[in-house]
$ cat upload31.txt   # compact mmCIF, C-alpha atoms
# COMPACT_ATOMS: atom_id res chain seq x y z
CA MET M 293 125.34 103.64 90.56
CA LYS M 294 121.82 102.31 90.01
CA LYS M 295 122.01 100.24 93.19
CA LEU M 296 123.16 103.26 95.16
CA LEU M 297 120.31 105.33 93.74
CA ASN M 298 117.79 102.62 94.63
CA ILE M 299 119.15 102.46 98.17
CA LEU M 300 118.94 106.24 98.56
CA LEU M 301 115.39 106.30 97.20
CA THR M 302 114.33 103.46 99.49
CA VAL M 303 115.83 105.21 102.50
CA SER M 304 114.11 108.44 101.45
CA ILE M 305 110.75 106.68 101.33
CA PHE M 306 111.43 105.15 104.73
CA LEU M 307 112.31 108.59 106.13
CA TYR M 308 109.37 110.24 104.37
CA PRO M 309 107.70 111.59 107.54
CA LEU M 310 110.95 113.12 108.77
CA LEU M 311 111.69 114.69 105.38
CA VAL M 312 108.22 116.22 105.26
CA TYR M 313 108.36 117.45 108.84
CA PHE M 314 111.76 119.11 108.62
CA GLY M 315 110.97 120.41 105.16
CA LEU M 316 107.83 122.15 106.37
CA GLN M 317 109.81 123.74 109.19
CA HIS M 318 112.13 125.54 106.79
CA PHE M 319 110.50 125.75 103.37
CA ASP M 320 107.22 126.57 101.69
CA VAL M 321 104.72 123.74 101.27
CA ARG M 322 105.08 123.72 97.49
CA VAL M 323 108.88 123.51 97.71
CA VAL M 324 108.59 120.46 99.95
CA ALA M 325 105.98 118.99 97.61
CA VAL M 326 108.29 119.33 94.61
CA PHE M 327 111.09 117.59 96.52
CA ILE M 328 108.77 114.74 97.54
CA LEU M 329 107.37 114.52 94.02
CA VAL M 330 110.85 113.99 92.60
CA ILE M 331 111.56 111.22 95.13
CA LEU M 332 108.30 109.37 94.47
CA ALA M 333 108.61 109.74 90.70
CA LEU M 334 112.18 108.41 90.71
CA ARG M 335 111.14 105.54 92.99
CA TYR M 336 108.33 104.65 90.61
CA VAL M 337 110.64 104.69 87.58
CA ALA M 338 113.22 102.61 89.46
CA SER M 339 110.59 100.04 90.46
CA ASN M 340 109.52 99.64 86.84
CA ARG M 341 113.05 99.26 85.55
CA SER M 342 114.28 96.86 88.22
CA SER M 343 115.15 93.32 87.12
CA ASP M 344 112.41 91.79 89.28
CA ALA M 345 109.69 94.25 88.30
CA ARG M 346 107.69 91.50 86.59
CA HIS M 347 107.56 89.51 89.82
CA SER M 348 106.84 92.41 92.17
CA LEU M 349 103.36 93.25 93.37
CA PRO M 350 101.75 95.92 91.15
CA GLN M 351 99.95 97.33 94.20
CA PHE M 352 103.23 98.79 95.44
CA ARG M 353 103.54 100.84 92.28
CA LEU M 354 99.90 101.88 92.56
CA VAL M 355 100.65 103.27 96.02
CA LEU M 356 103.43 105.34 94.49
CA ILE M 357 101.09 106.58 91.76
CA PHE M 358 98.45 107.67 94.28
CA GLY M 359 101.20 109.23 96.38
CA ILE M 360 102.31 111.26 93.37
CA LEU M 361 98.70 112.37 92.83
CA LEU M 362 98.47 113.48 96.47
CA VAL M 363 101.64 115.53 96.09
CA ILE M 364 100.30 117.10 92.90
CA GLY M 365 97.19 117.97 94.88
CA THR M 366 99.42 119.76 97.38
CA LEU M 367 101.03 121.73 94.57
CA VAL M 368 97.62 122.78 93.30
CA THR M 369 96.00 123.63 96.64
CA ASN M 370 99.12 124.72 98.56
CA SER M 371 97.87 122.54 101.43
CA GLU M 372 100.17 120.31 103.47
CA TYR M 373 97.47 117.66 103.85
CA GLY M 374 98.33 116.06 100.53
CA ILE M 375 101.91 115.23 101.44
CA LYS M 376 100.96 114.28 105.00
CA LEU M 377 98.39 111.75 103.80
CA TYR M 378 101.02 109.47 102.27
CA PRO M 379 101.58 107.29 105.40
CA ALA M 380 97.84 106.62 105.58
CA LEU M 381 97.90 105.82 101.87
CA VAL M 382 100.71 103.32 102.41
CA SER M 383 98.68 101.56 105.11
CA ALA M 384 95.70 101.44 102.77
CA GLY M 385 97.88 99.99 100.03
CA MET M 386 99.32 97.35 102.34
CA LEU M 387 95.81 96.49 103.48
CA VAL M 388 94.77 95.91 99.86
CA ILE M 389 97.83 93.74 99.23
CA PHE M 390 97.34 91.57 102.31
CA ALA M 391 93.55 91.35 102.01
CA SER M 392 93.63 90.50 98.30
CA SER M 393 96.02 87.63 99.02
CA LEU M 394 93.30 86.06 101.17
CA TYR M 395 91.02 85.85 98.15
CA TRP M 396 93.77 85.02 95.66
CA PRO M 397 96.06 82.71 97.63
CA PRO M 398 98.62 82.03 98.78
CA PRO M 399 98.39 84.58 101.60
CA ILE M 400 101.24 87.08 101.81
CA ILE M 401 102.57 85.60 105.06
CA GLU M 402 102.71 82.15 103.48
CA ARG M 403 104.72 83.58 100.58
CA PHE M 404 107.17 85.17 103.01
CA ALA M 405 107.40 81.96 105.03
CA ARG M 406 108.13 79.83 101.96
CA LEU M 407 110.82 82.26 100.83
CA MET M 408 112.51 81.87 104.21
CA ASP M 409 111.98 78.12 104.50
CA LYS M 410 111.67 75.85 101.47
CA ASN M 411 110.42 73.04 103.72
CA PHE M 412 107.44 75.03 104.91
CA PRO M 413 104.80 72.45 106.00
CA ASP M 414 101.36 72.60 104.40
CA GLU M 415 99.84 72.03 107.84
CA ALA M 416 100.95 75.55 108.80
CA ILE M 417 99.01 77.22 105.97
CA PRO M 418 95.90 77.92 108.13
CA TYR M 419 98.18 79.73 110.56
CA THR M 420 99.59 82.00 107.84
CA ARG M 421 96.05 82.89 106.81
CA LYS M 422 95.21 83.94 110.36
CA VAL M 423 98.38 86.02 110.57
CA THR M 424 97.55 87.70 107.26
CA ILE M 425 94.15 88.63 108.71
CA ALA M 426 95.91 90.00 111.80
CA TRP M 427 98.09 92.18 109.57
CA CYS M 428 94.99 93.44 107.78
CA LEU M 429 93.55 94.55 111.12
CA PHE M 430 96.85 96.19 111.99
CA PHE M 431 96.92 98.19 108.75
CA ILE M 432 93.33 99.30 109.28
CA ILE M 433 94.13 100.61 112.76
CA ASN M 434 97.47 102.06 111.70
CA GLY M 435 95.91 103.77 108.70
CA LEU M 436 93.12 105.30 110.79
CA ILE M 437 95.62 106.64 113.31
CA ALA M 438 97.78 108.03 110.51
CA LEU M 439 94.68 109.65 109.04
CA TRP M 440 93.78 111.17 112.41
CA THR M 441 97.27 112.59 112.91
CA THR M 442 97.07 114.18 109.46
CA PHE M 443 93.95 116.23 110.13
CA PHE M 444 93.66 116.60 113.89
CA ALA M 445 97.12 116.32 115.44
CA SER M 446 100.11 118.63 115.54
CA GLN M 447 102.98 118.20 113.12
CA GLU M 448 105.10 116.89 115.99
CA MET M 449 102.58 114.18 116.79
CA TRP M 450 102.20 113.36 113.09
CA VAL M 451 105.92 112.81 112.59
CA THR M 452 106.31 110.99 115.92
CA TYR M 453 103.66 108.44 115.10
CA ASN M 454 104.25 108.00 111.37
CA GLY M 455 108.03 108.31 111.53
CA LEU M 456 108.71 106.37 114.73
CA ILE M 457 105.87 104.69 116.61
CA SER M 458 104.38 103.11 113.49
CA TYR M 459 107.73 101.57 112.52
CA ILE M 460 108.25 100.24 116.05
CA LEU M 461 104.81 98.61 116.02
CA ILE M 462 105.49 97.03 112.62
CA GLY M 463 108.82 95.71 113.89
CA LEU M 464 107.17 94.23 116.97
CA MET M 465 104.50 92.59 114.83
CA PHE M 466 107.15 91.03 112.61
CA ALA M 467 109.24 89.84 115.55
CA VAL M 468 106.35 88.27 117.48
CA GLU M 469 104.89 86.68 114.36
CA PHE M 470 108.28 85.27 113.36
CA VAL M 471 108.75 83.58 116.74
CA ILE M 472 105.21 82.16 116.76
CA ARG M 473 105.60 80.99 113.15
CA LYS M 474 108.76 79.07 114.03
CA ILE M 475 106.91 77.35 116.88
CA VAL M 476 103.97 76.46 114.64
CA MET M 477 106.26 75.18 111.88
CA ARG M 478 108.18 73.08 114.36
CA LYS M 479 104.98 71.50 115.67
CA ASN M 480 103.79 70.78 112.13
CA SER M 481 107.11 69.67 110.66
CA PRO M 482 107.01 66.21 109.01
CA GLU M 483 110.11 65.06 110.90
CA LEU M 484 108.57 65.86 114.27
CA LYS M 485 105.35 64.12 113.29
CA ASN M 486 107.22 61.04 112.10
CA ASN M 487 109.18 60.89 115.35
CA SER M 488 105.97 61.24 117.33
CA GLU M 489 104.28 58.48 115.34
CA LEU M 490 107.36 56.27 115.77
CA ASP M 491 107.34 56.80 119.53
CA THR M 492 103.65 55.96 119.66
CA ALA M 493 104.18 52.80 117.64
CA MET M 494 107.08 51.71 119.83
CA LYS M 495 105.05 52.26 122.98
CA ALA M 496 102.16 50.27 121.53
CA THR M 497 104.48 47.42 120.57
CA LYS M 498 106.04 47.42 124.02
CA THR M 499 102.60 47.29 125.64
CA GLU M 500 101.53 44.34 123.48
CA THR M 501 104.75 42.49 124.30
CA GLU M 502 104.21 42.92 128.01

$ encode --input "upload31.txt" --output "structure tokens"
Amino acid sequence: MKKLLNILLTVSIFLYPLLVYFGLQHFDVRVVAVFILVILALRYVASNRSSDARHSLPQFRLVLIFGILLVIGTLVTNSEYGIKLYPALVSAGMLVIFASSLYWPPPIIERFARLMDKNFPDEAIPYTRKVTIAWCLFFIINGLIALWTTFFASQEMWVTYNGLISYILIGLMFAVEFVIRKIVMRKNSPELKNNSELDTAMKATKTETE
């Protein structure tokens, strides 16, 4: 039951822009805000009670806390801006997470890479740092666009970007980075280097013999 609830809450967070958009089409702003508040509050409680809460990044929970505060602001002011600011807040939170990992290593991308490959070569660490910086730039741009759609764009444009285009861009970033990372890791793998050194030594020996 708990797993099912966590899945539903995660999906709800993922579909946040759509929930807000369709909610505002049919209900009062405060009604939508209460619904969103319940989702964020439950997600926060679930994140604290999960078995790996100690190992999770506290910044994720901070994003939820600030999101809850934004929703409360909507309840107080009866303005839709509070609930529509959440995507920009998420980008800001991700920026903090990725940027802070540059100052307190290892970088986030290196952590992901080591989780996926236990034989991650140390020679590829500079690459993961560059990719982490690239993600920081992405979250800055994405957050600014999300912020712009909140205050200056129509609701349709807001939900289209934050509920579709943004996810597509993130997916493309992940896919391209994953392919490039595999190439970099292959070039820096110890086995490949040993084979290259062995070939060089054999060629040198052959030359001396001739």

$ closest_residue --input "upload31.txt" --among "M:Pro399, M:Gly359, M:Gly385, M:Pro379" --to "Ile425 in chain M" --atoms "all atoms listed in the file"
M:Pro399

$ residues_around --input "upload31.txt" --residues "Val326 in chain M" --least-positions-apart "4" --cutoff "9 Å" --atoms "only C-alpha atoms" --output "PyMOL selection string"
chain M and resi 321-322+330-331+363-364+367

$ closest_residue --input "upload31.txt" --among "M:Gly374, M:Pro413, M:Gly365, M:Gly463" --to "Thr442 in chain M" --atoms "only C-alpha atoms"
M:Gly374

$ closest_residue --input "upload31.txt" --among "M:Leu332, M:Leu407, M:Ala380, M:Val323" --to "Thr441 in chain M" --atoms "only C-alpha atoms"
M:Ala380

$ closest_residue --input "upload31.txt" --among "M:Val368, M:Ala467, M:Asn454, M:Arg335" --to "Val303 in chain M" --atoms "all atoms listed in the file"
M:Arg335

$ residues_around --input "upload31.txt" --residues "Gly455 in chain M" --least-positions-apart "5" --cutoff "12 Å" --atoms "only C-alpha atoms" --output "MDAnalysis selection string"
chainID M and resid 304:314 376 378:380 438 441 447:450 460:462

$ closest_residue --input "upload31.txt" --among "M:Tyr395, M:Phe430, M:Phe352, M:Phe319" --to "Leu464 in chain M" --atoms "only C-alpha atoms"
M:Phe430

$ residues_around --input "upload31.txt" --residues "Ile400 in chain M" --least-positions-apart "2" --cutoff "12 Å" --atoms "all atoms listed in the file" --output "ChimeraX atom specification"
/M:349,386-398,402-407,417,419-428

$ atom_distance --input "upload31.txt" --atom1 "CA of Gln317 in chain M" --atom2 "CA of Ile375 in chain M"
14.0 Å

$ atom_distance --input "upload31.txt" --atom1 "CA of Tyr373 in chain M" --atom2 "CA of Phe327 in chain M"
15.5 Å

$ closest_residue --input "upload31.txt" --among "M:Ser383, M:Ile299, M:Ile360, M:Asp320" --to "Tyr459 in chain M" --atoms "only C-alpha atoms"
M:Ser383

$ atom_distance --input "upload31.txt" --atom1 "CA of Ala445 in chain M" --atom2 "CA of Leu429 in chain M"
22.5 Å

$ residues_near_point --input "upload31.txt" --point "(110.6, 106.1, 90.9)" --cutoff "10 Å" --atoms "all atoms listed in the file" --output "list in words"
Asn298, Leu301, Thr302, Leu329, Val330, Ile331, Leu332, Ala333, Leu334, Arg335, Tyr336, Val337, Ala338, Ser339, Asn340, Arg341, Arg353, Leu356 and Ile357 of chain M
